Every structure is written in C-alpha cells, then in structure tokens.
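Okay, structure first, notes after.
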Amino acid sequence: MRIVTWNVNSVRLRINAARRLIRQFQPDVLCLQETKVADEHFPTAPFVKLGYPHIALAGQKAYHGVALISRLPLGNVERPTWCGRRDGRHLMATLPGGIEVHNFYVPAGGDLPDPARNDKFAHKLDFVAEVTDWFAAHRTPADRIVLVGDLNIAPLETDVWSHKQLLRVVSHTPVEVAAMARWRASLDWVDAVRKFTPESEKLYSWWSYRSPNWAKADKGRRLDHIWVTPALDPALLGAEVVAKLRGWATPSDHVPVVVDLGAD
DNA sequence: ATGGCAGGTTATACCTGA
C-alpha cells in the first residue's frame, strides 16, 4: 500500500505533473492539498482515466482545498470542519482493510507569530489544538491510522535551512513546534519520514518560489508530513520526500512525500 | 533586514501563500 501526499498548489495548473507523478510512483492513494478549485470544477477525468475512480473532495474556489484520489474504494468519507470554518482543510476516509486516512491542510498562519495581533496565526494554533483534542478524544494508538498533509510546521532544527534564522518565522516558531508536539503526543504518532531519514539529516519538502536558485540555495523547510499510529508502525516499509519534483517544469513549491505500508 | 515569485480572482491590483 503506497500513499502519496502533495501540496499541488492548484490542481488544474498541475494536472500534467500529477499524471507524471502517478505514472512514476503508482500510489494507491494520492492526497492533495491546495487544490484551489470548487468541487464542481475539479478535474476528475484525468484521474479516473489513470485508474483512480474513487475521489473525495473538500474544495472551494481559489483557496485551500484537499482531495483524496484512490484506486481503492473510500469508505466513511468525512469532511470535518474546524474552528467553525468549512474551508477545505481536512478529509478522512477508511480504506479496504480498515486503515483510516486523514488528509490535512493546516492554516499557514500569516506573517506575524503573535496570536493576539495576527488572526491567521491564532487560527493556525486553534486549528491544531482542536484537531489534537479530537484525536485524543475519539481515537487510540491501537487504531490503524495514517495522517498526511501540509501541516505547515517544520518541527526539527534539521527541518529548516537555518534554525536560528527561522525561530521567529511562522512555520518554525517555538509555540507552533510545541503545538505540533502536542498533536504528535495525542496518539503517540510515529513520524514515518523521520523513521527512515535520521533526525541529524537536513530534510525539506518546500522551497519558496522567491528563491531563484532553489537547489543551490537550498533554503527549504519540511512542512509536509506523514504520521502513522503505533499500530501501523510495524507495517512501515519506507517513506521519503521526493525532492526532484521541485525541478520539474512549472513546479509546485511543495514536493510529494511517499509512504509504503506492508501487509498487516 | 529586505525582497524576491506564483496562483487566483468577476483581475489588470490585491489577497494568500509560508
């Protein structure tokens, strides 16, 4: 079972890259974020043609939006709302065999890392806190769950190009990292990617469009994550960030993250 | 410390991204 997560930054603009990604990586489930399209305009046909007839959407016009695109039937599809907003940030579904998949697009949080003066940052912290409490209340570490998405937080010092220079930059501030640690602790989630890439190694999944030479400058951040519950830890076969997609023509600023789960 | 780019919108300026 292979699950791929990707902040596509407009699914319509990236449809050819999505086709290429699918052909190369053959995911069973593709989880997209920032689709930026209302559900009635989502380009489902290319995915159906490639063998992915099971599609769940939580989109809206222009902003945010997540999608589950699957070879396998999706059961119990839900589109939860957080912070009272139906803004296309979360889809959940159950795969055949019982694994539950969650696809998240966490609010970016704006510029100023002060919830008292920046509503977007307050929203980000509230969103993570609500989701954390939900998992703690409604699921257990014995449940078989995969959580993926653009979580918009780089937790480790090696998840950013410069820990010191990003301490006050939204995505790597101590308050966000602490919020993410609480989320991780809610079900004792395993960071699947860091299971296979040591924490001592720099690892990024996002490079700003504003850096003209992203590969050489390499000022990235690891904002895209795949977590599994302890029940699925023994099934983890591998996980990796596919950095090469940042070098494709008209790329997203995020690259996909892949996880492989064995029979369980 | 700043600015740099990309995508979308009843656009040609402004919001969002992070």
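By convention in this document, the chains of the structure tokens carry letters A, B, ... by their order, each chain's residues are numbered from 1, and ligands are numbered from 1 in the order they are shown.
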Distance-based interface of chain A with chain B, 9 Å, counting only C-alpha atoms (C1' of nucleotides), as a CSV table (one decimal) with C-alpha atoms, in the first residue's frame:
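File written: out_20.csv
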```csv
chain,number,residue,atom,x,y,z
A,9,ASN,CA,-0.7,24.5,-5.4
A,10,SER,CA,-3.6,24.4,-8.0
A,13,LEU,CA,-2.4,24.1,-13.3
A,36,LYS,CA,-7.7,25.8,-5.2
A,61,LYS,CA,-12.9,28.4,-5.0
A,62,ALA,CA,-9.4,29.9,-5.2
A,63,TYR,CA,-8.1,28.9,-1.7
A,108,ALA,CA,-0.3,28.8,7.0
A,109,GLY,CA,-0.6,31.4,9.8
A,110,GLY,CA,0.3,34.6,8.1
A,111,ASP,CA,3.5,36.6,8.9
A,152,ASN,CA,2.8,24.0,7.7
A,169,VAL,CA,9.4,32.9,11.2
A,170,VAL,CA,5.9,31.4,11.1
A,171,SER,CA,6.3,27.6,10.5
A,208,SER,CA,10.0,29.2,-1.7
A,209,TYR,CA,9.3,30.4,-5.2
A,210,ARG,CA,11.1,33.5,-4.3
A,211,SER,CA,14.5,31.9,-4.2
A,212,PRO,CA,15.7,32.0,-7.8
A,252,SER,CA,4.6,23.4,-7.0
A,253,ASP,CA,6.6,25.0,-4.2
```
Residues flagged strand (DSSP E or B) by DSSP in range 22-160 of chain A, as a ChimeraX atom specification: /A:29-33,54-58,66-70,75-78,82,85,90-94,100-105,145-150,160
Written file, previous selection with C-alpha atoms, as a short mmCIF file (atom, residue, chain, number, x, y, z; two decimals), in the first residue's frame:
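Dumped everything to out_19.cif:
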```cif
data_model
loop_
_atom_site.label_atom_id
_atom_site.label_comp_id
_atom_site.auth_asym_id
_atom_site.auth_seq_id
_atom_site.Cartn_x
_atom_site.Cartn_y
_atom_site.Cartn_z
CA VAL A 29 -3.99 6.80 -2.65
CA LEU A 30 -2.95 10.31 -3.66
CA CYS A 31 -3.68 13.04 -1.11
CA LEU A 32 -3.65 16.57 -2.49
CA GLN A 33 -3.67 19.92 -0.73
CA HIS A 54 -12.60 6.83 -6.07
CA ILE A 55 -12.30 10.55 -5.41
CA ALA A 56 -13.32 12.54 -2.36
CA LEU A 57 -13.24 16.33 -2.45
CA ALA A 58 -13.24 19.13 0.09
CA VAL A 66 -7.95 18.93 -0.24
CA ALA A 67 -8.67 15.78 -2.23
CA LEU A 68 -8.37 12.02 -1.81
CA ILE A 69 -7.74 10.24 -5.11
CA SER A 70 -7.77 6.48 -4.80
CA GLY A 75 -15.49 4.31 2.93
CA ASN A 76 -16.84 6.58 5.66
CA VAL A 77 -15.74 9.71 3.85
CA GLU A 78 -16.00 12.73 6.11
CA TRP A 82 -12.52 23.01 12.37
CA ARG A 85 -14.98 27.02 9.05
CA HIS A 90 -9.42 18.06 6.04
CA LEU A 91 -10.78 14.87 4.54
CA MET A 92 -10.89 11.47 6.19
CA ALA A 93 -11.83 8.06 4.81
CA THR A 94 -11.46 4.37 5.50
CA GLU A 100 -8.15 5.27 8.20
CA VAL A 101 -6.56 8.07 6.17
CA HIS A 102 -6.57 11.73 7.17
CA ASN A 103 -5.53 14.42 4.69
CA PHE A 104 -4.84 17.85 6.24
CA TYR A 105 -4.03 21.33 5.04
CA ILE A 145 -4.44 5.48 11.07
CA VAL A 146 -2.31 7.33 8.54
CA LEU A 147 -2.23 11.13 8.81
CA VAL A 148 -0.73 13.10 5.92
CA GLY A 149 -0.62 16.57 4.59
CA ASP A 150 0.78 20.04 4.53
CA VAL A 160 14.69 24.09 8.22
#
```
Selection: 9 Å around Leu50 in chain A, only C-alpha atoms (C1' of nucleotides), excl. self and same-chain fewer than 4 positions, as a list of chain:residue names: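 With the cut-off at 9 Å, the set is A:Arg19, A:Ile22, A:Arg23, A:Ala45, A:Pro46.
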Residues of range 7-240 of chain A in alpha helix (DSSP H), written as a VMD selection string: chain A and resid 15 to 25 45 to 49 119 to 138 163 to 166 174 to 186 192 to 196 214 to 217
Spatial neighbours of Glu201 in chain A, max dist 12 Å, only C-alpha atoms (C1' of nucleotides), sep filter under 5 positions, as an NGL selection string: :A and (156-161 or 193-196 or 222)
Let's have the selection written as a JSON list (two decimals), in the first residue's frame, with C-alpha atoms.
```
[["chain", "number", "residue", "atom", "x", "y", "z"],
["A", 156, "LEU", "CA", 13.04, 19.87, 13.99],
["A", 157, "GLU", "CA", 16.10, 22.07, 13.73],
["A", 158, "THR", "CA", 17.08, 19.94, 10.73],
["A", 159, "ASP", "CA", 13.66, 20.54, 9.14],
["A", 160, "VAL", "CA", 14.69, 24.09, 8.22],
["A", 161, "TRP", "CA", 17.70, 25.56, 6.47],
["A", 193, "VAL", "CA", 9.59, 10.04, 7.22],
["A", 194, "ARG", "CA", 11.98, 10.56, 10.12],
["A", 195, "LYS", "CA", 11.86, 6.85, 10.85],
["A", 196, "PHE", "CA", 13.82, 6.35, 7.62],
["A", 222, "ARG", "CA", 9.93, 20.31, 5.93]]
```
Length of the CA of Pro96 in chain A to CA of Tyr52 in chain A vector [Å]: 14.7 Å
